[in-house]
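Text of the file query.txt, holding compact mmCIF, C-alpha atoms:
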```txt
# COMPACT_ATOMS: atom_id res chain seq x y z
CA MET A 526 74.80 18.29 37.73
CA ARG A 527 77.29 16.64 40.03
CA THR A 528 77.81 13.96 37.38
CA LYS A 529 78.84 16.63 34.84
CA PHE A 530 81.39 18.15 37.20
CA LEU A 531 82.94 14.89 38.38
CA PRO A 532 85.39 14.43 35.43
CA ARG A 533 86.72 17.96 35.94
CA LEU A 534 87.27 17.35 39.65
CA VAL A 535 89.06 14.06 38.94
CA ALA A 536 91.26 15.77 36.35
CA GLY A 537 92.14 18.49 38.85
CA LYS A 538 93.11 15.93 41.47
CA ALA A 539 95.25 14.12 38.91
CA LEU A 540 97.13 17.31 38.10
CA VAL A 541 97.78 18.01 41.76
CA THR A 542 98.96 14.44 42.32
CA ALA A 543 101.28 14.66 39.32
CA ALA A 544 102.76 17.90 40.60
CA LEU A 545 103.37 16.38 44.03
CA LEU A 546 105.02 13.35 42.46
CA ALA A 547 107.26 15.61 40.36
CA LEU A 548 108.44 17.32 43.53
CA ALA A 549 109.20 14.01 45.17
CA VAL A 550 110.92 12.21 42.30
CA PRO A 551 114.70 12.65 42.17
CA GLY A 552 116.12 13.90 38.91
CA VAL A 553 113.23 16.18 38.03
CA ALA A 554 114.64 19.41 36.54
CA TYR A 555 114.15 22.60 38.51
CA ALA A 556 114.63 26.18 37.45
CA ASN A 557 117.96 27.89 38.12
CA THR A 558 117.50 31.46 39.34
CA VAL A 559 121.23 32.27 39.38
CA GLY A 560 122.06 35.29 37.26
CA VAL A 561 125.43 36.93 36.63
CA THR A 562 126.58 40.23 35.18
CA VAL A 563 130.27 40.93 34.59
CA LYS A 564 131.40 44.45 35.44
CA THR A 565 134.71 46.01 34.43
CA PRO A 566 135.85 49.64 34.28
CA GLY A 567 138.57 48.98 31.71
CA ALA A 568 142.34 49.16 32.09
CA THR A 569 144.41 51.09 34.60
CA ALA A 570 147.93 51.91 33.40
CA GLY A 571 151.00 50.79 35.32
CA PRO A 572 152.96 49.96 37.30
CA ALA A 573 155.31 52.62 35.92
CA THR A 574 158.20 51.92 38.30
CA THR A 575 160.00 48.73 39.24
CA PHE A 576 159.14 46.78 42.39
CA SER A 577 155.77 48.47 42.81
CA GLU A 578 152.07 47.77 42.23
CA ILE A 579 148.79 49.34 41.17
CA SER A 580 145.36 48.54 42.62
CA THR A 581 142.25 48.62 40.44
CA HIS A 582 138.65 47.63 41.16
CA ALA A 583 135.44 46.53 39.47
CA ASP A 584 132.13 47.22 41.20
CA CYS A 585 128.71 45.54 41.22
CA SER A 586 125.90 48.08 40.85
CA SER A 587 123.49 45.25 41.67
CA GLY A 588 124.02 41.76 43.02
CA LEU A 589 126.95 40.50 45.07
CA ALA A 590 130.51 39.65 44.02
CA SER A 591 130.74 35.86 43.78
CA GLY A 592 134.17 36.10 42.19
CA GLY A 593 136.28 38.16 39.87
CA GLY A 594 139.52 38.40 38.00
CA ILE A 595 142.22 40.43 36.31
CA ASN A 596 143.75 40.69 32.85
CA GLN A 597 147.07 42.41 32.19
CA ALA A 598 148.62 44.05 29.15
CA ILE A 599 152.37 43.50 29.20
CA GLY A 600 153.77 44.69 25.88
CA THR A 601 156.51 42.81 24.04
CA GLY A 602 160.19 42.09 24.47
CA THR A 603 162.06 41.15 27.62
CA SER A 604 160.54 43.99 29.65
CA SER A 605 157.17 42.20 29.34
CA ASN A 606 158.48 39.72 31.90
CA GLY A 607 158.25 42.40 34.60
CA ASN A 608 154.46 42.60 34.82
CA HIS A 609 152.61 40.04 36.95
CA VAL A 610 149.46 39.59 38.99
CA ASN A 611 149.94 40.54 42.63
CA GLY A 612 146.35 39.97 43.70
CA THR A 613 142.74 39.31 42.78
CA GLY A 614 140.20 39.36 45.58
CA PRO A 615 137.17 40.90 47.29
CA SER A 616 136.94 44.32 48.88
CA PRO A 617 134.26 46.03 51.00
CA ASP A 618 134.67 49.37 49.22
CA GLY A 619 136.95 49.05 46.19
CA SER A 620 140.16 49.99 47.97
CA THR A 621 140.34 48.25 51.37
CA GLU A 622 141.91 44.79 51.47
CA TYR A 623 141.26 41.97 53.93
CA THR A 624 144.71 41.44 55.42
CA GLY A 625 144.07 41.44 59.19
CA SER A 626 142.68 38.65 61.35
CA THR A 627 141.70 35.40 59.63
CA GLY A 628 138.22 33.87 59.48
CA VAL A 629 135.00 35.46 58.22
CA VAL A 630 136.16 38.96 57.34
CA GLY A 631 133.28 40.42 55.33
CA THR A 632 129.72 39.97 54.13
CA ASP A 633 127.87 40.89 50.95
CA ASN A 634 130.90 42.35 49.17
CA THR A 635 130.16 44.16 45.91
CA HIS A 636 133.71 45.12 44.88
CA TRP A 637 136.59 43.14 43.37
CA LEU A 638 140.25 44.15 43.30
CA GLY A 639 142.76 43.52 40.53
CA ILE A 640 146.31 44.27 41.65
CA GLY A 641 149.21 44.34 39.20
CA GLY A 642 152.86 44.25 40.26
CA SER A 643 156.22 44.81 38.65
CA GLY A 644 159.60 43.16 38.93
CA GLY A 645 162.89 44.53 37.67
CA ALA A 646 161.53 45.89 34.38
CA VAL A 647 158.62 48.07 33.29
CA ASN A 648 157.32 49.53 30.06
CA SER A 649 154.57 51.91 28.99
CA SER A 650 152.30 49.05 27.88
CA PHE A 651 151.71 47.73 31.42
CA SER A 652 148.11 47.82 32.64
CA SER A 653 145.60 45.80 34.64
CA THR A 654 141.88 45.35 34.00
CA PRO A 655 139.73 44.06 36.90
CA TYR A 656 136.51 42.05 36.54
CA ALA A 657 133.72 41.51 39.07
CA VAL A 658 131.23 38.68 38.60
CA CYS A 659 128.01 40.09 40.07
CA PHE A 660 125.75 37.32 41.32
CA THR A 661 122.02 37.16 42.00
CA SER A 662 119.86 34.25 43.19
CA ASN A 663 116.38 33.88 44.64
CA LEU A 664 117.93 31.57 47.25
CA ILE A 665 121.46 32.82 47.95
CA ASN A 666 120.87 36.47 48.78
CA HIS A 667 123.86 36.92 51.09
CA THR A 668 127.54 36.01 50.89
CA GLN A 669 130.46 35.94 53.29
CA THR A 670 134.21 36.16 52.71
CA VAL A 671 136.63 33.87 54.54
CA MET A 672 140.33 34.81 54.61
CA ASN A 673 143.35 32.72 55.60
CA LYS A 674 147.01 33.73 55.43
CA ALA A 675 150.52 32.47 56.11
CA ALA A 676 153.96 34.01 56.31
CA GLY A 677 156.12 33.50 53.22
CA PRO A 678 157.34 32.31 50.88
CA THR A 679 160.89 33.62 51.37
CA SER A 680 162.94 30.79 49.84
CA SER A 681 163.66 30.92 46.12
CA SER A 682 161.25 29.02 43.81
CA THR A 683 159.40 27.38 46.69
CA PRO A 684 155.58 27.51 46.51
CA LEU A 685 153.52 28.22 49.62
CA ALA A 686 149.87 27.10 49.58
CA VAL A 687 147.25 28.70 51.85
CA THR A 688 143.64 27.47 52.01
CA ALA A 689 140.48 29.28 53.14
CA THR A 690 137.49 27.05 53.96
CA CYS A 691 133.80 27.99 53.95
CA PRO A 692 131.75 27.61 57.14
CA ALA A 693 129.67 24.44 57.52
CA ASN A 694 126.35 24.37 55.67
CA THR A 695 127.42 26.92 53.08
CA VAL A 696 128.63 26.59 49.48
CA LEU A 697 131.75 27.96 47.83
CA LEU A 698 131.04 30.44 45.04
CA GLY A 699 134.52 31.73 44.25
CA GLY A 700 137.82 32.94 45.64
CA GLY A 701 141.00 34.92 45.23
CA ALA A 702 144.69 35.23 46.04
CA ARG A 703 147.13 37.92 47.16
CA THR A 704 150.82 38.28 48.06
CA THR A 705 152.57 41.17 49.80
CA PRO A 706 154.75 43.25 49.83
CA ALA A 707 155.06 44.63 46.30
CA ASP A 708 158.67 45.74 46.72
CA VAL A 709 159.79 42.10 46.70
CA GLY A 710 159.54 42.05 42.91
CA SER A 711 159.89 38.28 42.51
CA LEU A 712 156.99 37.55 44.89
CA LYS A 713 153.58 36.78 43.35
CA PRO A 714 150.59 34.41 43.53
CA ILE A 715 150.94 31.73 40.86
CA ALA A 716 147.74 29.80 41.64
CA SER A 717 144.21 30.49 42.81
CA PHE A 718 141.81 27.53 42.68
CA PRO A 719 138.84 25.67 44.23
CA THR A 720 139.52 22.62 46.40
CA PHE A 721 138.25 20.55 49.32
CA ASN A 722 139.27 20.58 52.96
CA ASN A 723 139.64 16.80 53.18
CA SER A 724 142.34 14.14 53.16
CA ALA A 725 141.68 13.16 49.54
CA HIS A 726 142.76 16.66 48.50
CA ASP A 727 145.49 16.87 51.15
CA TYR A 728 143.50 19.66 52.78
CA GLY A 729 143.77 22.05 49.86
CA LEU A 730 147.10 21.05 48.32
CA LYS A 731 145.33 19.17 45.50
CA ALA A 732 142.90 21.17 43.39
CA ALA A 733 139.31 20.30 42.53
CA ALA A 734 139.09 18.27 39.31
CA ASP A 735 136.87 18.54 36.26
CA GLY A 736 133.36 17.40 37.15
CA ASP A 737 133.73 17.73 40.92
CA SER A 738 130.73 19.15 42.76
CA ASN A 739 130.49 21.56 45.68
CA PRO A 740 134.11 22.24 46.67
CA ASP A 741 134.26 23.91 50.08
CA SER A 742 137.61 25.73 50.00
CA TRP A 743 139.86 28.01 47.99
CA THR A 744 143.66 27.76 47.80
CA ALA A 745 146.16 30.49 46.91
CA VAL A 746 149.79 29.68 46.14
CA GLY A 747 152.51 32.26 46.68
CA TYR A 748 155.83 31.96 44.82
CA ASN A 749 159.07 33.86 45.28
CA GLY A 750 161.21 33.58 42.19
CA GLY A 751 164.34 35.27 43.53
CA GLY A 752 163.99 34.61 47.23
CA GLY A 753 164.30 37.12 50.03
CA GLY A 754 161.92 39.36 51.92
CA THR A 755 161.26 39.27 55.65
CA THR A 756 157.55 40.19 55.74
CA ASN A 757 156.26 38.16 52.79
CA THR A 758 152.65 36.99 53.22
CA THR A 759 150.29 34.90 51.10
CA TYR A 760 146.50 35.32 51.44
CA ALA A 761 143.63 33.09 50.29
CA TYR A 762 140.01 34.23 50.01
CA ALA A 763 136.89 32.06 49.79
CA ILE A 764 133.54 33.58 48.78
CA CYS A 765 130.79 31.52 50.43
CA SER A 766 127.01 31.63 50.68
CA GLY A 767 125.64 33.51 53.66
CA SER A 768 124.75 31.98 57.02
CA GLY A 769 121.32 30.48 57.58
CA ILE A 770 120.55 29.71 53.92
CA ASN A 771 119.42 26.16 53.12
CA VAL A 772 121.83 25.21 50.32
CA GLY A 773 120.93 21.51 50.25
CA GLY A 774 119.65 21.79 46.67
CA VAL A 775 122.53 23.91 45.35
CA THR A 776 125.12 22.45 42.98
CA VAL A 777 128.37 24.21 42.17
CA LYS A 778 130.08 22.22 39.44
CA VAL A 779 133.81 22.49 38.70
CA HIS A 780 135.16 22.50 35.17
CA TYR A 781 138.92 22.29 34.71
CA SER A 782 141.52 22.14 31.96
CA GLU A 783 145.32 21.89 31.84
CA VAL A 784 147.68 22.45 28.89
CA SER A 785 151.43 22.21 28.51
CA GLY A 786 153.50 25.39 28.53
CA PRO A 787 154.69 28.04 28.39
CA THR A 788 158.22 26.58 28.33
CA SER A 789 160.29 29.07 26.31
CA ALA A 790 161.62 32.28 27.86
CA THR A 791 159.45 35.40 27.51
CA THR A 792 156.40 33.59 26.16
CA GLY A 793 152.78 33.26 27.22
CA GLN A 794 150.06 30.64 27.23
CA THR A 795 146.27 30.76 27.56
CA VAL A 796 143.84 28.01 28.49
CA THR A 797 140.04 28.28 28.59
CA VAL A 798 137.26 26.14 30.06
CA GLY A 799 133.48 26.55 30.03
CA CYS A 800 130.39 25.61 32.03
CA GLY A 801 128.50 23.77 29.30
CA ASN A 802 125.05 22.91 30.68
CA ASP A 803 126.15 22.84 34.32
CA GLY A 804 124.79 26.15 35.54
CA LYS A 805 125.88 29.78 35.39
CA LEU A 806 129.51 30.86 35.53
CA VAL A 807 130.03 32.47 38.95
CA SER A 808 133.85 32.53 39.23
CA GLY A 809 137.07 30.91 38.10
CA GLY A 810 140.70 30.26 38.92
CA ALA A 811 144.11 29.99 37.28
CA ALA A 812 147.59 28.58 37.85
CA ILE A 813 151.02 28.15 36.32
CA SER A 814 152.34 24.92 37.77
CA GLY A 815 154.37 21.75 37.55
CA GLY A 816 151.25 19.95 36.28
CA SER A 817 148.78 17.30 37.48
CA VAL A 818 147.48 19.67 40.16
CA THR A 819 144.22 17.74 40.66
CA THR A 820 145.93 14.42 41.39
CA THR A 821 149.11 15.45 43.22
CA ASP A 822 150.02 18.16 45.71
CA PHE A 823 150.68 21.46 43.97
CA THR A 824 154.19 21.90 42.62
CA GLY A 825 155.77 25.01 41.18
CA PRO A 826 156.56 25.58 37.50
CA GLY A 827 159.95 25.08 35.86
CA SER A 828 161.39 28.56 36.47
CA GLY A 829 161.32 31.10 39.29
CA GLY A 830 160.29 33.89 36.93
CA ASP A 831 157.03 32.21 35.84
CA HIS A 832 153.89 34.14 36.74
CA LEU A 833 150.21 34.85 36.06
CA ASN A 834 149.05 37.69 33.83
CA GLY A 835 145.37 36.89 33.83
CA SER A 836 142.40 35.04 35.28
CA PHE A 837 139.14 36.34 33.86
CA PRO A 838 135.67 35.60 32.41
CA SER A 839 135.89 35.16 28.65
CA ASP A 840 134.33 33.85 25.47
CA ASN A 841 135.17 30.38 24.16
CA SER A 842 138.22 31.75 22.34
CA GLY A 843 139.74 33.21 25.50
CA ASN A 844 138.85 36.84 24.83
CA PRO A 845 137.79 38.78 27.94
CA VAL A 846 134.12 39.74 28.01
CA GLY A 847 132.96 43.35 28.08
CA ASP A 848 131.32 45.42 30.77
CA GLY A 849 127.71 44.42 31.41
CA THR A 850 127.94 40.95 29.87
CA THR A 851 125.21 38.66 31.22
CA SER A 852 126.06 35.53 29.22
CA ALA A 853 129.68 34.81 30.18
CA ALA A 854 130.15 31.03 30.26
CA TYR A 855 133.94 30.55 30.05
CA TRP A 856 136.99 31.32 32.19
CA THR A 857 140.53 31.90 30.87
CA ALA A 858 143.95 31.71 32.50
CA TYR A 859 146.83 33.70 30.99
CA THR A 860 150.30 32.60 32.09
CA HIS A 861 153.81 33.77 31.23
CA THR A 862 157.44 32.80 31.73
CA GLY A 863 160.23 35.11 32.78
CA GLY A 864 163.59 35.55 31.13
CA ALA A 865 164.58 31.89 31.32
CA GLY A 866 163.29 28.68 29.80
CA SER A 867 160.78 26.76 31.90
CA PRO A 868 160.70 23.00 31.24
CA ASN A 869 157.82 20.85 32.49
CA THR A 870 155.54 23.83 33.03
CA TYR A 871 151.75 23.75 32.69
CA SER A 872 148.85 26.20 32.65
CA ASP A 873 145.63 25.44 34.52
CA VAL A 874 142.16 26.97 34.57
CA TRP A 875 138.96 26.39 36.58
CA ALA A 876 135.36 27.52 36.08
CA LEU A 877 132.75 27.33 38.85
CA CYS A 878 129.20 26.88 37.53
CA ALA A 879 126.22 27.26 39.87
CA ASN A 880 122.65 25.99 39.91
CA ASP A 881 120.68 27.07 42.99
CA GLY A 882 117.99 24.42 42.45
CA VAL A 883 115.15 26.86 43.00
```

Could you render the structure as structure tokens?
Amino acid sequence: MRTKFLPRLVAGKALVTAALLALAVPGVAYANTVGVTVKTPGATAGPATTFSEISTHADCSSGLASGGGINQAIGTGTSSNGNHVNGTGPSPDGSTEYTGSTGVVGTDNTHWLGIGGSGGAVNSSFSSTPYAVCFTSNLINHTQTVMNKAAGPTSSSTPLAVTATCPANTVLLGGGARTTPADVGSLKPIASFPTFNNSAHDYGLKAAADGDSNPDSWTAVGYNGGGGGTTNTTYAYAICSGSGINVGGVTVKVHYSEVSGPTSATTGQTVTVGCGNDGKLVSGGAAISGGSVTTTDFTGPGSGGDHLNGSFPSDNSGNPVGDGTTSAAYWTAYTHTGGAGSPNTYSDVWALCANDGV
């Protein structure tokens, strides 16, 4: 009888041995338990008056906000130049902003703000639509928000970069940017992107490049087209994994694209990038810049009136996804010039794609 059972026992041992070897061999594929659902309430009209702003929010009914974005309707004609992004970032309740002391300012946020501002012109077409990317993972079940800020910019057409860095032994999942006050109509964030807090990236002044893995920081760039303002402030937000989670097997891959333009007055440009097979889209970033932002320190675009009108999850054609989408795999940046031509201007977009290795 023992002779009959011996082959089955040997086969069982072989299966166990094979399973153990699979766990030990590098390069063996593991499941990815990251899931994302995009939530958006639709558009909020405004601003309806010059030198003002509106605050909108998207909320996660389940999961945690790993990132988010905003998309603006601006109408046509020269008045379209007056609408710009004033902020995109996390909130503990859908209205409160993190603007106080720097450092770890919140945990397990489930709300994302989209804040639209106006300059010297408005029209009835202005609106802002916020997006929250709601994240779940069998491994990363908590998040924390790190905020950094700096005074300025006050000088005309001078960018100010501020970088927020995740705590040690955590991973970056997303980030955001904000400038205040709204009544300085030429003040706005023109860039919000992943980066590294190291010398190779000039401690956040150079952005993460296409194919980079596990950036640890997020940079926001404030820009003041007309100059002025005595209380101007630029804020950067980094969304990081929670404390005490072993993230050694997690990979957050960066995908990035840059295109020329917009360069003519009162025109827009979009640029889109996707995750491919490198995990689930968990956040993204956008910029209007002087170009080559992954190889040189960030420089401003060709005109002080240049601004962002969108940074949002999309399809491969750059169309924003709808509420409840669970398959978003692309991120789009929407940029715009002001009333003057803007030579040597570029549009940049980033997608962060996560695999938790579980």

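Compared by their closest atoms to A:Ser650, and using only C-alpha atoms, the residues A:Ser662, A:Ser682, A:Thr632, A:Asn608 rank with A:Asn608 nearest.
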
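The residue that comes closest to A:Asn557, out of A:Thr569, A:Ser587, A:Ser605, A:Asn880 and on the basis of only C-alpha atoms, is A:Asn880.
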
Kindly provide, as an NGL selection string, the polymer residues lying within 9 Å of (119.3, 35.4, 44.6), counting only C-alpha atoms and using the coordinates exactly as they appear in the file.
:A and (558-560 or 588 or 660-667 or 881)

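Atom to atom, atom CA of A:Gly816 and atom CA of A:Thr860 stand 13.4 Å apart.
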
Show me as a compact mmCIF listing (two decimals) with C-alpha atoms, in the coordinates of the input the residues that reach within 10 Å of (130.8, 28.4, 38.9), counting all atoms listed in the file and using the file's own coordinates.
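Full text of part-v7.txt as output:
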```
# COMPACT_ATOMS: atom_id res chain seq x y z
CA SER A 591 130.74 35.86 43.78
CA GLY A 592 134.17 36.10 42.19
CA LEU A 697 131.75 27.96 47.83
CA LEU A 698 131.04 30.44 45.04
CA GLY A 699 134.52 31.73 44.25
CA ASN A 739 130.49 21.56 45.68
CA THR A 776 125.12 22.45 42.98
CA VAL A 777 128.37 24.21 42.17
CA LYS A 778 130.08 22.22 39.44
CA VAL A 779 133.81 22.49 38.70
CA HIS A 780 135.16 22.50 35.17
CA GLY A 799 133.48 26.55 30.03
CA CYS A 800 130.39 25.61 32.03
CA ASP A 803 126.15 22.84 34.32
CA GLY A 804 124.79 26.15 35.54
CA LYS A 805 125.88 29.78 35.39
CA LEU A 806 129.51 30.86 35.53
CA VAL A 807 130.03 32.47 38.95
CA SER A 808 133.85 32.53 39.23
CA GLY A 809 137.07 30.91 38.10
CA ALA A 854 130.15 31.03 30.26
CA TYR A 855 133.94 30.55 30.05
CA TRP A 856 136.99 31.32 32.19
CA TRP A 875 138.96 26.39 36.58
CA ALA A 876 135.36 27.52 36.08
CA LEU A 877 132.75 27.33 38.85
CA CYS A 878 129.20 26.88 37.53
CA ALA A 879 126.22 27.26 39.87
CA ASN A 880 122.65 25.99 39.91
```

Given all atoms listed in the file as the counted atoms, nearest of A:Ala646, A:Val818, A:Cys585, A:Ala811 to A:Asp618
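Nearest candidate to A:Asp618 out of A:Ala646, A:Val818, A:Cys585, A:Ala811: A:Cys585.
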
Just how far from atom CA of A:Gly754 is atom CA of A:Ala676, in Å to one decimal?
10.5 Å

Shortest interatomic distance to A:Gly614 - which of A:Val561, A:Ala745, A:Asp735, A:Ala725, counting all atoms listed in the file:
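Among the listed residues, A:Ala745 lies closest to A:Gly614.
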
Exercise: A:Tyr728 partners within 10 Å, all atoms listed in the file, chain neighbours under 4 positions left out, as a ChimeraX atom specification:
/A:687-688,690,720-724,732,742,744,822

Do you have the atom CA of A:Phe823-atom CA of A:Gly793 distance handy?
20.6 Å

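With only C-alpha atoms as the atoms that count, the residue of A:Thr668, A:Ser620, A:Thr654, A:Thr819 with the shortest distance to A:Asp633 is A:Thr668.
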
List the neighbours of A:Phe651 out to 10 Å using all atoms listed in the file; skip same-chain residues closer than 6 positions along the sequence, and give me the result as a PyMOL selection string.
chain A and resi 568-573+597-600+604-605+607-609+641-643

Do you know which residues are at most 10 Å from A:Tyr656 counting only C-alpha atoms, after dropping those on the same chain fewer than 6 positions away, and could you put them as number ranges by chain?
A: 563-567, 581-585, 590, 592-596, 613, 636-639, 836-838, 845-848

Those same residues, written as a PDB file, keeping the file's coordinate frame with C-alpha atoms?
```
ATOM      1  CA  VAL A 563     130.270  40.930  34.590  1.00  0.00           C
ATOM      2  CA  LYS A 564     131.400  44.450  35.440  1.00  0.00           C
ATOM      3  CA  THR A 565     134.710  46.010  34.430  1.00  0.00           C
ATOM      4  CA  PRO A 566     135.850  49.640  34.280  1.00  0.00           C
ATOM      5  CA  GLY A 567     138.570  48.980  31.710  1.00  0.00           C
ATOM      6  CA  THR A 581     142.250  48.620  40.440  1.00  0.00           C
ATOM      7  CA  HIS A 582     138.650  47.630  41.160  1.00  0.00           C
ATOM      8  CA  ALA A 583     135.440  46.530  39.470  1.00  0.00           C
ATOM      9  CA  ASP A 584     132.130  47.220  41.200  1.00  0.00           C
ATOM     10  CA  CYS A 585     128.710  45.540  41.220  1.00  0.00           C
ATOM     11  CA  ALA A 590     130.510  39.650  44.020  1.00  0.00           C
ATOM     12  CA  GLY A 592     134.170  36.100  42.190  1.00  0.00           C
ATOM     13  CA  GLY A 593     136.280  38.160  39.870  1.00  0.00           C
ATOM     14  CA  GLY A 594     139.520  38.400  38.000  1.00  0.00           C
ATOM     15  CA  ILE A 595     142.220  40.430  36.310  1.00  0.00           C
ATOM     16  CA  ASN A 596     143.750  40.690  32.850  1.00  0.00           C
ATOM     17  CA  THR A 613     142.740  39.310  42.780  1.00  0.00           C
ATOM     18  CA  HIS A 636     133.710  45.120  44.880  1.00  0.00           C
ATOM     19  CA  TRP A 637     136.590  43.140  43.370  1.00  0.00           C
ATOM     20  CA  LEU A 638     140.250  44.150  43.300  1.00  0.00           C
ATOM     21  CA  GLY A 639     142.760  43.520  40.530  1.00  0.00           C
ATOM     22  CA  SER A 836     142.400  35.040  35.280  1.00  0.00           C
ATOM     23  CA  PHE A 837     139.140  36.340  33.860  1.00  0.00           C
ATOM     24  CA  PRO A 838     135.670  35.600  32.410  1.00  0.00           C
ATOM     25  CA  PRO A 845     137.790  38.780  27.940  1.00  0.00           C
ATOM     26  CA  VAL A 846     134.120  39.740  28.010  1.00  0.00           C
ATOM     27  CA  GLY A 847     132.960  43.350  28.080  1.00  0.00           C
ATOM     28  CA  ASP A 848     131.320  45.420  30.770  1.00  0.00           C
TER      29      ASP A 848
END
```

One residue among A:Thr758, A:Ser711, A:Thr679, A:Thr621 is nearest to A:Thr575 when using all atoms listed in the file, and that residue is A:Ser711

Residues within 7 Å of A:Ser872, please, as a list in words. Count all atoms listed in the file; anything in the same chain fewer than 3 positions from it doesn't count.
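Near neighbours after the sequence-gap exclusion: Glu783, Val784, Ser785, Gly786, Val796, Ala812, Ile813, Ser814 and Thr860 of chain A.
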
At a cut-off of 10 Å, using all atoms listed in the file, what residues contact A:Ser680? Leave out same-chain residues fewer than 6 positions from it and give the result as an mmCIF file with C-alpha atoms, in the frame of the given file.
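Result went into result_4.cif, see below:
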```
data_model
loop_
_atom_site.group_PDB
_atom_site.id
_atom_site.type_symbol
_atom_site.label_atom_id
_atom_site.label_comp_id
_atom_site.auth_asym_id
_atom_site.auth_seq_id
_atom_site.Cartn_x
_atom_site.Cartn_y
_atom_site.Cartn_z
ATOM 1 C CA TYR A 748 155.830 31.960 44.820
ATOM 2 C CA ASN A 749 159.070 33.860 45.280
ATOM 3 C CA GLY A 750 161.210 33.580 42.190
ATOM 4 C CA GLY A 751 164.340 35.270 43.530
ATOM 5 C CA GLY A 752 163.990 34.610 47.230
ATOM 6 C CA GLY A 753 164.300 37.120 50.030
ATOM 7 C CA GLY A 754 161.920 39.360 51.920
#
```

With 3 Å on each side, where is the centre of the axis-aligned box around all listed atoms of stretch 631-649 of chain A, and how long are its edges in Å to one decimal, as AutoDock Vina command-line options?
```
--center_x 145.4 --center_y 45.9 --center_z 42.2 --size_x 41.0 --size_y 17.9 --size_z 32.3
```
